[in-house]
>>> print(open('upload-v8.tsv').read())   # TSV, C-alpha atoms
chain	number	residue	atom	x	y	z
V	14	ARG	CA	1.09	8.87	49.36
V	15	ALA	CA	-1.86	6.89	50.70
V	16	SER	CA	-1.56	4.62	47.67
V	17	THR	CA	2.00	3.71	48.71
V	18	MET	CA	1.54	1.26	51.43
V	19	ALA	CA	3.66	0.95	54.51
V	20	ARG	CA	6.00	-2.02	54.65
V	21	THR	CA	3.91	-3.95	57.14
V	22	ALA	CA	0.74	-3.52	55.12
V	23	LEU	CA	2.39	-4.76	51.94
V	24	LEU	CA	3.66	-7.91	53.63
V	25	LEU	CA	0.08	-9.09	53.91
V	26	ALA	CA	-0.04	-9.86	50.21
V	27	VAL	CA	2.85	-12.29	50.60
V	28	VAL	CA	0.88	-14.20	53.21
V	29	ALA	CA	-2.06	-14.23	50.84
V	30	ALA	CA	0.02	-15.74	48.05
V	31	ILE	CA	1.31	-18.64	50.11
V	32	ALA	CA	-1.95	-19.40	51.88
V	33	GLY	CA	-3.91	-18.62	48.75
V	34	GLU	CA	-5.12	-22.10	47.89
V	35	ALA	CA	-6.96	-22.47	51.16
V	36	VAL	CA	-8.62	-19.12	50.69
V	37	ALA	CA	-9.41	-19.52	47.01
V	38	ALA	CA	-11.26	-22.71	47.84
V	39	THR	CA	-14.00	-20.60	49.43
V	40	ARG	CA	-15.40	-19.86	45.96
V	41	PRO	CA	-14.96	-21.36	42.49
V	42	MET	CA	-12.55	-19.68	40.11
V	43	SER	CA	-13.34	-18.81	36.55
V	44	ARG	CA	-11.32	-20.38	33.75
V	45	VAL	CA	-9.66	-17.03	33.08
V	46	ALA	CA	-8.65	-16.62	36.72
V	47	THR	CA	-7.35	-20.18	36.85
V	48	ASN	CA	-5.21	-19.65	33.79
V	49	ARG	CA	-3.68	-16.60	35.41
V	50	LEU	CA	-2.50	-18.56	38.44
V	51	SER	CA	0.54	-20.24	36.93
V	52	ALA	CA	2.29	-22.95	38.90
V	53	ALA	CA	5.74	-21.69	37.92
V	54	ARG	CA	7.36	-18.73	39.64
V	55	PRO	CA	9.20	-16.55	37.10
V	56	ALA	CA	12.96	-16.57	37.41
V	57	GLY	CA	13.31	-13.09	35.93
V	58	PRO	CA	11.19	-9.92	35.90
V	59	LEU	CA	7.43	-10.06	36.32
V	60	ALA	CA	5.68	-11.41	33.26
V	61	VAL	CA	3.26	-8.50	32.93
V	62	ARG	CA	3.51	-6.13	30.00
V	63	MET	CA	2.29	-2.64	30.74
V	64	GLY	CA	0.92	-0.21	28.19
V	65	ALA	CA	1.48	3.52	28.16
V	66	ARG	CA	-1.06	4.05	30.95
V	67	GLY	CA	-0.44	0.86	32.85
V	68	GLU	CA	-3.00	-1.55	31.38
V	69	GLU	CA	-2.20	-5.25	31.16
V	70	ASP	CA	-1.91	-6.80	27.73
V	71	GLY	CA	-4.55	-9.45	28.55
V	72	ARG	CA	-2.25	-12.38	29.20
V	73	GLY	CA	-2.13	-11.82	32.94
V	74	PRO	CA	0.81	-12.20	35.32
V	75	ARG	CA	2.59	-15.33	36.38
V	76	VAL	CA	2.43	-15.79	40.14
V	77	PRO	CA	4.11	-18.14	42.63
V	78	SER	CA	2.77	-21.63	43.15
V	79	LEU	CA	-0.45	-21.75	45.16
V	80	SER	CA	-0.28	-25.49	45.87
V	81	ALA	CA	1.20	-25.27	49.36
V	82	ARG	CA	-1.32	-27.42	51.18
V	83	ALA	CA	-0.15	-28.91	54.44
V	84	GLY	CA	2.40	-26.20	55.21
V	85	GLY	CA	0.54	-23.19	53.89
V	86	LEU	CA	0.26	-21.15	57.06
V	87	VAL	CA	3.60	-22.39	58.38
V	88	ALA	CA	5.32	-21.28	55.20
V	89	ALA	CA	3.50	-17.99	55.34
V	90	ALA	CA	4.65	-17.41	58.88
V	91	ALA	CA	8.25	-18.23	58.00
V	92	LEU	CA	8.30	-15.97	54.96
V	93	VAL	CA	6.72	-13.01	56.69
V	94	ALA	CA	9.06	-13.46	59.65
V	95	SER	CA	12.03	-13.29	57.29
V	96	LEU	CA	10.64	-10.17	55.62
V	97	ALA	CA	9.83	-8.50	58.93
V	98	GLY	CA	13.53	-8.23	59.77
V	99	PRO	CA	15.36	-8.43	63.11
V	100	ALA	CA	12.72	-6.43	64.95
V	101	GLY	CA	10.24	-9.28	64.52
V	102	ALA	CA	7.35	-6.83	64.80
V	103	LEU	CA	4.79	-9.20	63.32
V	104	ASP	CA	3.37	-12.33	64.88
V	105	SER	CA	3.28	-14.03	61.49
V	106	LEU	CA	1.08	-16.97	62.39
V	107	LYS	CA	-1.54	-14.70	63.90
V	108	VAL	CA	-1.43	-12.49	60.81
V	109	GLY	CA	-2.06	-15.48	58.55
V	110	GLU	CA	-4.87	-16.78	60.73
V	111	CYS	CA	-6.46	-13.35	60.89
V	112	LEU	CA	-6.41	-13.01	57.10
V	113	LEU	CA	-7.94	-16.44	56.57
V	114	GLN	CA	-10.63	-15.97	59.20
V	115	ARG	CA	-11.49	-12.29	58.91
V	116	CYS	CA	-10.54	-11.17	55.37
V	117	THR	CA	-11.33	-14.36	53.48
V	118	ALA	CA	-13.29	-12.88	50.60
V	119	ASP	CA	-10.94	-9.95	50.03
V	120	LEU	CA	-7.90	-12.20	50.17
V	121	ALA	CA	-9.39	-14.58	47.60
V	122	ARG	CA	-10.35	-11.67	45.38
V	123	CYS	CA	-6.77	-10.37	45.56
V	124	ILE	CA	-5.25	-13.64	44.40
V	125	SER	CA	-7.63	-13.88	41.45
V	126	ASP	CA	-7.12	-10.25	40.38
V	127	PRO	CA	-4.26	-9.69	37.88
V	128	LYS	CA	-2.84	-6.54	39.47
V	129	CYS	CA	-3.23	-7.68	43.05
V	130	ALA	CA	-1.60	-11.01	42.15
V	131	ALA	CA	1.18	-9.16	40.32
V	132	ASN	CA	1.73	-7.13	43.48
V	133	VAL	CA	2.24	-10.41	45.34
V	134	VAL	CA	4.89	-11.51	42.84
V	135	CYS	CA	6.59	-8.12	43.02
V	136	LEU	CA	6.74	-8.30	46.82
V	137	ASN	CA	8.31	-11.75	46.72
V	138	LEU	CA	11.01	-10.48	44.37
V	139	CYS	CA	11.87	-7.76	46.91
V	140	ASN	CA	12.86	-10.36	49.50
V	141	GLY	CA	16.52	-10.00	50.49
V	142	LYS	CA	17.24	-6.87	48.48
V	143	LYS	CA	19.31	-4.12	50.08
V	144	ASP	CA	16.49	-1.66	49.49
V	145	GLU	CA	13.78	-4.13	50.47
V	146	SER	CA	11.44	-1.61	52.06
V	147	ALA	CA	11.75	0.79	49.16
V	148	CYS	CA	11.21	-2.08	46.74
V	149	GLU	CA	7.96	-3.00	48.49
V	150	VAL	CA	6.67	0.57	48.35
V	151	ARG	CA	7.48	0.66	44.63
V	152	CYS	CA	5.42	-2.50	44.19
V	153	GLY	CA	2.48	-0.68	45.71
V	154	ASP	CA	3.01	2.20	43.29
V	155	GLN	CA	3.19	-0.04	40.24
V	156	PHE	CA	0.36	-2.45	41.06
V	157	ASP	CA	-2.32	-0.41	42.77
V	158	ASN	CA	-6.04	-0.75	42.07
V	159	PRO	CA	-9.33	-0.93	44.02
V	160	VAL	CA	-8.85	-4.66	44.75
V	161	VAL	CA	-5.46	-4.01	46.39
V	162	GLN	CA	-6.92	-1.09	48.32
V	163	ARG	CA	-9.92	-3.08	49.49
V	164	PHE	CA	-7.69	-5.91	50.69
V	165	ASN	CA	-5.46	-3.51	52.61
V	166	THR	CA	-8.49	-1.78	54.08
V	167	CYS	CA	-9.74	-5.07	55.48
V	168	ALA	CA	-6.37	-6.35	56.68
V	169	VAL	CA	-5.01	-3.11	58.11
V	170	SER	CA	-7.93	-0.80	58.96
V	171	ASN	CA	-11.05	-2.87	59.53
V	172	LYS	CA	-9.75	-6.12	61.02
V	173	LYS	CA	-6.32	-4.89	62.15
V	174	CYS	CA	-4.53	-8.10	61.22
V	175	VAL	CA	-1.25	-6.19	61.15
V	176	PRO	CA	-0.21	-3.76	63.88
V	177	GLN	CA	0.67	-0.22	62.92
V	178	GLU	CA	4.36	0.53	62.38
V	179	LYS	CA	5.18	3.06	65.08
V	180	ASP	CA	6.75	6.47	64.72
V	181	GLU	CA	10.54	6.24	65.04
V	182	GLY	CA	11.00	9.99	65.21
V	183	LYS	CA	12.72	10.30	61.84
V	184	TYR	CA	10.45	13.18	60.83
V	185	PRO	CA	9.96	15.36	63.92
V	186	LEU	CA	7.58	18.26	64.35
V	187	PRO	CA	9.19	21.52	63.20
V	188	PRO	CA	10.04	23.91	66.03
V	189	ALA	CA	7.86	26.91	66.78
V	190	GLY	CA	8.41	29.73	64.32
V	191	ALA	CA	9.61	27.48	61.50
V	192	THR	CA	6.58	28.01	59.27
V	193	ILE	CA	5.79	30.93	56.99
V	194	ASP	CA	2.54	32.15	58.53
V	195	THR	CA	2.05	34.84	55.92
V	196	PHE	CA	1.23	32.04	53.47
V	197	ASP	CA	-2.16	32.53	51.80
V	198	THR	CA	-3.81	29.58	50.08
V	199	ARG	CA	-5.46	31.96	47.58
V	200	ASP	CA	-2.01	32.84	46.23
V	201	PHE	CA	-1.00	29.19	45.83
V	202	THR	CA	-3.31	28.36	42.92
V	203	GLY	CA	-2.96	27.19	39.35
V	204	VAL	CA	-0.29	24.81	38.06
V	205	TRP	CA	2.73	24.02	40.23
V	206	TYR	CA	5.49	21.45	39.66
V	207	ILE	CA	7.42	19.42	42.21
V	208	THR	CA	11.02	19.94	41.08
V	209	ALA	CA	12.86	18.52	44.11
V	210	GLY	CA	12.10	16.10	46.92
V	211	GLN	CA	13.69	14.62	50.04
V	212	ASN	CA	12.18	11.14	50.41
V	213	PRO	CA	12.75	8.90	47.36
V	214	LEU	CA	9.79	6.72	48.38
V	215	PHE	CA	7.22	9.50	48.10
V	216	ASP	CA	8.70	12.70	46.70
V	217	THR	CA	10.71	12.12	43.52
V	218	PHE	CA	8.31	10.76	40.90
V	219	PRO	CA	8.49	11.86	37.26
V	220	CYS	CA	6.20	14.58	35.91
V	221	GLN	CA	4.66	15.80	39.16
V	222	LYS	CA	2.16	18.42	38.05
V	223	HIS	CA	-0.29	19.61	40.69
V	224	VAL	CA	-3.18	21.97	40.04
V	225	PHE	CA	-4.37	23.87	43.11
V	226	SER	CA	-7.49	25.92	43.77
V	227	SER	CA	-8.66	27.85	46.83
V	228	SER	CA	-12.31	28.69	47.39
V	229	GLU	CA	-11.51	30.86	50.42
V	230	ALA	CA	-8.63	31.78	52.69
V	231	GLY	CA	-7.34	28.76	54.57
V	232	LYS	CA	-8.72	26.14	52.19
V	233	LEU	CA	-6.75	24.39	49.45
V	234	LYS	CA	-7.68	21.68	46.96
V	235	GLY	CA	-5.10	19.88	44.85
V	236	ASP	CA	-5.64	17.82	41.72
V	237	LEU	CA	-2.43	15.82	41.66
V	238	TYR	CA	-0.82	14.18	38.63
V	239	TRP	CA	2.38	12.15	38.64
V	240	ARG	CA	3.92	9.11	37.00
V	241	VAL	CA	5.44	5.90	38.30
V	242	LYS	CA	7.91	3.75	36.43
V	243	THR	CA	7.11	0.12	35.62
V	244	PRO	CA	9.71	-2.66	35.82
V	245	TYR	CA	10.08	-2.35	32.03
V	246	GLY	CA	10.92	1.33	31.84
V	247	ALA	CA	7.49	2.58	30.81
V	248	GLU	CA	5.53	5.06	32.89
V	249	MET	CA	1.97	5.03	34.27
V	250	GLU	CA	0.06	8.14	35.20
V	251	ARG	CA	-1.44	8.35	38.67
V	252	THR	CA	-3.94	10.90	39.93
V	253	ALA	CA	-5.34	11.91	43.30
V	254	VAL	CA	-7.32	14.70	44.90
V	255	GLN	CA	-6.31	16.14	48.26
V	256	GLU	CA	-7.92	18.87	50.33
V	257	PHE	CA	-6.25	20.92	53.06
V	258	VAL	CA	-7.34	23.38	55.70
V	259	ALA	CA	-5.00	25.82	57.40
V	260	ASP	CA	-4.33	25.83	61.11
V	261	PRO	CA	-6.46	28.65	62.61
V	262	GLU	CA	-3.43	30.23	64.28
V	263	HIS	CA	-0.66	29.34	61.82
V	264	ALA	CA	-1.45	29.86	58.14
V	265	GLY	CA	1.79	28.07	57.24
V	266	ILE	CA	0.49	24.74	58.59
V	267	LEU	CA	-2.04	22.84	56.45
V	268	TYR	CA	-3.94	19.70	57.45
V	269	ASN	CA	-5.21	16.96	55.16
V	270	HIS	CA	-7.30	14.80	57.49
V	271	ASP	CA	-10.59	12.84	57.53
V	272	ASN	CA	-9.58	10.50	54.67
V	273	GLU	CA	-11.34	7.16	54.36
V	274	PHE	CA	-8.55	5.03	52.87
V	275	LEU	CA	-6.31	3.84	55.73
V	276	HIS	CA	-7.51	6.96	57.60
V	277	TYR	CA	-4.37	8.71	56.40
V	278	GLN	CA	-3.45	12.20	57.59
V	279	ASP	CA	-0.82	14.46	56.07
V	280	ASP	CA	0.32	17.66	57.75
V	281	TRP	CA	2.12	20.28	55.64
V	282	TYR	CA	4.55	22.81	57.05
V	283	ILE	CA	5.43	25.71	54.73
V	284	ILE	CA	9.07	26.39	55.69
V	285	GLY	CA	10.03	28.43	52.62
V	286	TYR	CA	7.89	30.56	50.34
V	287	LYS	CA	8.26	33.16	47.61
V	288	PRO	CA	4.89	34.06	46.07
V	289	ASN	CA	4.43	32.84	42.51
V	290	GLU	CA	7.95	31.38	42.53
V	291	TYR	CA	8.27	28.49	44.99
V	292	ALA	CA	6.92	26.83	48.12
V	293	LEU	CA	9.11	24.54	50.22
V	294	ILE	CA	6.92	22.08	52.13
V	295	TYR	CA	8.01	19.73	54.88
V	296	TYR	CA	5.38	17.12	55.72
V	297	ARG	CA	4.76	14.30	58.13
V	298	GLY	CA	1.90	11.85	58.22
V	299	THR	CA	0.21	8.86	59.71
V	300	ASN	CA	-2.12	6.10	58.55
V	301	ASP	CA	-3.38	2.79	59.90
V	302	ALA	CA	-0.28	1.00	58.63
V	303	TRP	CA	2.50	3.49	59.34
V	304	ASP	CA	2.76	6.31	61.83
V	305	GLY	CA	5.47	8.90	61.31
V	306	TYR	CA	6.35	8.81	57.61
V	307	GLY	CA	7.43	12.08	56.07
V	308	GLY	CA	9.53	14.03	53.60
V	309	ALA	CA	9.82	17.38	51.88
V	310	VAL	CA	8.97	18.72	48.42
V	311	LEU	CA	9.73	21.88	46.52
V	312	TYR	CA	6.93	23.34	44.41
V	313	THR	CA	7.96	25.76	41.69
V	314	LYS	CA	6.09	27.58	38.95
V	315	ALA	CA	8.95	26.70	36.61
V	316	LYS	CA	9.21	23.13	35.36
V	317	SER	CA	12.76	22.83	36.69
V	318	LEU	CA	14.42	24.13	39.84
V	319	PRO	CA	15.75	27.70	39.38
V	320	GLU	CA	19.32	27.47	40.67
V	321	LYS	CA	19.28	31.07	41.94
V	322	TYR	CA	17.00	29.99	44.80
V	323	ILE	CA	19.19	27.14	46.05
V	324	PRO	CA	21.05	29.14	48.77
V	325	GLU	CA	17.84	30.42	50.39
V	326	LEU	CA	16.22	26.99	50.11
V	327	GLU	CA	19.17	25.42	51.89
V	328	GLU	CA	18.77	27.94	54.70
V	329	ALA	CA	15.05	27.18	54.94
V	330	CYS	CA	15.76	23.46	55.24
V	331	LYS	CA	17.84	24.11	58.35
V	332	LYS	CA	14.66	25.04	60.21
V	333	VAL	CA	13.80	21.35	60.60
V	334	PRO	CA	16.14	19.22	62.75
V	335	GLY	CA	17.85	16.39	60.87
>>> encode(input="upload-v8.tsv", output="structure tokens")
Amino acid sequence: RASTMARTALLLAVVAAIAGEAVAATRPMSRVATNRLSAARPAGPLAVRMGARGEEDGRGPRVPSLSARAGGLVAAAALVASLAGPAGALDSLKVGECLLQRCTADLARCISDPKCAANVVCLNLCNGKKDESACEVRCGDQFDNPVVQRFNTCAVSNKKCVPQEKDEGKYPLPPAGATIDTFDTRDFTGVWYITAGQNPLFDTFPCQKHVFSSSEAGKLKGDLYWRVKTPYGAEMERTAVQEFVADPEHAGILYNHDNEFLHYQDDWYIIGYKPNEYALIYYRGTNDAWDGYGGAVLYTKAKSLPEKYIPELEEACKKVPG
């Protein structure tokens, strides 16, 4: 979930694309990098072919024109303002200036990196879509690498060029007594599958296989495996490692804090549990870009949801308002 950037964080890459020429001038580009920065914006899908595990085919993506000279920052401000929506939460000109002045090297590196540049193209193609926010999060899923993460770290966490999107209360804290406090991390080990999810942005990826271990009561480590779909129908495997500790007074609440990337924090609430059968987890989180995201997932030992548990799962879901 940390690798799926909040909407405001992802908008930074659009600014980078439009103001890119000014930034790229801070260091010479290699011939390969120059060839990858095409002057023509593709009219159709992104011109990047992905292999079975998400590797480029070597030709590199086509990206929007980077020749906006006199109006670079003005255009950037206008585009980001249009993407920001009616709320107008971003001061677009200040964002562009902050990127140019405080994240110069990371911005230039992003534009010359194939995946980071492809992310820029993907974001531009989201503009005006009905599911614009969801489209932008999918871009982050499809085109994520250390260059993208480093750029977001500078722009969002270190230099704070973009303000954090505030909690709108969509995912409230569960009421007292909602969690299953008989939950024991030592019983939630081995292979589990996510077979249902609430939030399509974070919870419903293909092939979600998570392998958990517990060194002692109240501690849980997860080796997470899932896949994301590319624009061409193929799938890429993603992996992550997450570690949780239980609340000292409520074993059904688990905390995943102290993470370096975007300082993200995920809190798990076990609202339904049948040992060795299923665990229904409601979660809410925060990071430097977005405070108050959330969702719910159902872990099962079976690879598909056993229908016999649906009535009791529906009852468990009623514990959380909304």
>>> closest_residue(input="upload-v8.tsv", among="V:Val134, V:Leu113, V:Ile283, V:Val169", to="Thr195 of chain V", atoms="only C-alpha atoms")
V:Ile283
>>> atom_distance(input="upload-v8.tsv", atom1="atom CA of Pro176 of chain V", atom2="atom CA of Ala302 of chain V")
7.1 Å
>>> atom_distance(input="upload-v8.tsv", atom1="atom CA of Ile193 of chain V", atom2="atom CA of Lys179 of chain V")
29.0 Å
>>> closest_residue(input="upload-v8.tsv", among="V:Gln155, V:Ala168, V:Val161, V:Gly298", to="Ser125 of chain V", atoms="all atoms listed in the file")
V:Val161
>>> residues_around(input="upload-v8.tsv", residues="Pro187 of chain V", least_positions_apart="5", cutoff="12 Å", atoms="all atoms listed in the file", output="number ranges by chain")
V: 182, 192-193, 265-266, 280-284, 294-297, 307, 329-335
>>> atom_distance(input="upload-v8.tsv", atom1="atom CA of Asp301 of chain V", atom2="atom CA of Asn165 of chain V")
9.9 Å
>>> decode(input="upload-v8.tsv", residues="segment 226-247 of chain V", atoms="N, CA, C and O atoms", output="mmCIF file, in the first residue's frame")
data_model
loop_
_atom_site.group_PDB
_atom_site.id
_atom_site.type_symbol
_atom_site.label_atom_id
_atom_site.label_comp_id
_atom_site.auth_asym_id
_atom_site.auth_seq_id
_atom_site.Cartn_x
_atom_site.Cartn_y
_atom_site.Cartn_z
ATOM 1 N N SER V 226 4.645 -15.182 9.638
ATOM 2 C CA SER V 226 5.376 -15.877 10.694
ATOM 3 C C SER V 226 5.270 -15.047 11.967
ATOM 4 O O SER V 226 5.072 -13.831 11.920
ATOM 5 N N SER V 227 5.408 -15.713 13.101
ATOM 6 C CA SER V 227 5.301 -15.038 14.397
ATOM 7 C C SER V 227 6.354 -15.601 15.336
ATOM 8 O O SER V 227 6.292 -16.773 15.724
ATOM 9 N N SER V 228 7.318 -14.762 15.689
ATOM 10 C CA SER V 228 8.409 -15.206 16.558
ATOM 11 C C SER V 228 7.987 -15.304 18.015
ATOM 12 O O SER V 228 8.570 -16.051 18.798
ATOM 13 N N GLU V 229 6.950 -14.536 18.374
ATOM 14 C CA GLU V 229 6.422 -14.564 19.740
ATOM 15 C C GLU V 229 5.043 -13.934 19.732
ATOM 16 O O GLU V 229 4.638 -13.279 18.762
ATOM 17 N N ALA V 230 4.304 -14.148 20.797
ATOM 18 C CA ALA V 230 2.950 -13.601 20.894
ATOM 19 C C ALA V 230 2.985 -12.084 20.718
ATOM 20 O O ALA V 230 3.807 -11.394 21.315
ATOM 21 N N GLY V 231 2.091 -11.583 19.866
ATOM 22 C CA GLY V 231 2.002 -10.146 19.665
ATOM 23 C C GLY V 231 2.883 -9.599 18.565
ATOM 24 O O GLY V 231 2.864 -8.397 18.308
ATOM 25 N N LYS V 232 3.650 -10.467 17.893
ATOM 26 C CA LYS V 232 4.489 -10.011 16.788
ATOM 27 C C LYS V 232 4.158 -10.812 15.536
ATOM 28 O O LYS V 232 3.996 -12.035 15.606
ATOM 29 N N LEU V 233 4.077 -10.105 14.409
ATOM 30 C CA LEU V 233 3.698 -10.751 13.156
ATOM 31 C C LEU V 233 4.515 -10.173 12.008
ATOM 32 O O LEU V 233 4.653 -8.956 11.889
ATOM 33 N N LYS V 234 5.067 -11.048 11.185
ATOM 34 C CA LYS V 234 5.804 -10.631 9.998
ATOM 35 C C LYS V 234 5.132 -11.239 8.779
ATOM 36 O O LYS V 234 4.815 -12.434 8.766
ATOM 37 N N GLY V 235 4.929 -10.413 7.744
ATOM 38 C CA GLY V 235 4.290 -10.892 6.530
ATOM 39 C C GLY V 235 5.173 -10.693 5.311
ATOM 40 O O GLY V 235 5.650 -9.583 5.066
ATOM 41 N N ASP V 236 5.404 -11.769 4.576
ATOM 42 C CA ASP V 236 6.030 -11.685 3.259
ATOM 43 C C ASP V 236 4.893 -11.691 2.247
ATOM 44 O O ASP V 236 4.217 -12.716 2.060
ATOM 45 N N LEU V 237 4.685 -10.553 1.613
ATOM 46 C CA LEU V 237 3.492 -10.348 0.798
ATOM 47 C C LEU V 237 3.808 -10.480 -0.687
ATOM 48 O O LEU V 237 4.793 -9.917 -1.174
ATOM 49 N N TYR V 238 2.949 -11.196 -1.398
ATOM 50 C CA TYR V 238 3.085 -11.370 -2.842
ATOM 51 C C TYR V 238 1.734 -11.064 -3.484
ATOM 52 O O TYR V 238 0.696 -11.549 -3.025
ATOM 53 N N TRP V 239 1.772 -10.247 -4.531
ATOM 54 C CA TRP V 239 0.544 -9.953 -5.272
ATOM 55 C C TRP V 239 0.922 -9.542 -6.687
ATOM 56 O O TRP V 239 2.101 -9.398 -7.012
ATOM 57 N N ARG V 240 -0.048 -9.390 -7.538
ATOM 58 C CA ARG V 240 0.203 -9.008 -8.921
ATOM 59 C C ARG V 240 -0.606 -7.772 -9.288
ATOM 60 O O ARG V 240 -1.691 -7.549 -8.737
ATOM 61 N N VAL V 241 -0.066 -6.983 -10.205
ATOM 62 C CA VAL V 241 -0.784 -5.837 -10.740
ATOM 63 C C VAL V 241 -0.865 -6.006 -12.256
ATOM 64 O O VAL V 241 0.044 -6.555 -12.878
ATOM 65 N N LYS V 242 -1.953 -5.552 -12.814
ATOM 66 C CA LYS V 242 -2.164 -5.686 -14.247
ATOM 67 C C LYS V 242 -1.562 -4.498 -14.986
ATOM 68 O O LYS V 242 -1.692 -3.351 -14.561
ATOM 69 N N THR V 243 -0.909 -4.769 -16.103
ATOM 70 C CA THR V 243 -0.357 -3.719 -16.959
ATOM 71 C C THR V 243 -1.441 -3.239 -17.910
ATOM 72 O O THR V 243 -2.503 -3.866 -18.039
ATOM 73 N N PRO V 244 -1.203 -2.119 -18.599
ATOM 74 C CA PRO V 244 -2.195 -1.642 -19.570
ATOM 75 C C PRO V 244 -2.448 -2.624 -20.707
ATOM 76 O O PRO V 244 -3.405 -2.466 -21.459
ATOM 77 N N TYR V 245 -1.609 -3.651 -20.845
ATOM 78 C CA TYR V 245 -1.725 -4.571 -21.984
ATOM 79 C C TYR V 245 -2.257 -5.928 -21.574
ATOM 80 O O TYR V 245 -2.228 -6.869 -22.355
ATOM 81 N N GLY V 246 -2.721 -6.048 -20.328
ATOM 82 C CA GLY V 246 -3.337 -7.285 -19.903
ATOM 83 C C GLY V 246 -2.400 -8.268 -19.233
ATOM 84 O O GLY V 246 -2.859 -9.281 -18.685
ATOM 85 N N ALA V 247 -1.101 -8.020 -19.287
ATOM 86 C CA ALA V 247 -0.158 -8.888 -18.594
ATOM 87 C C ALA V 247 -0.168 -8.562 -17.100
ATOM 88 O O ALA V 247 -0.825 -7.621 -16.656
#
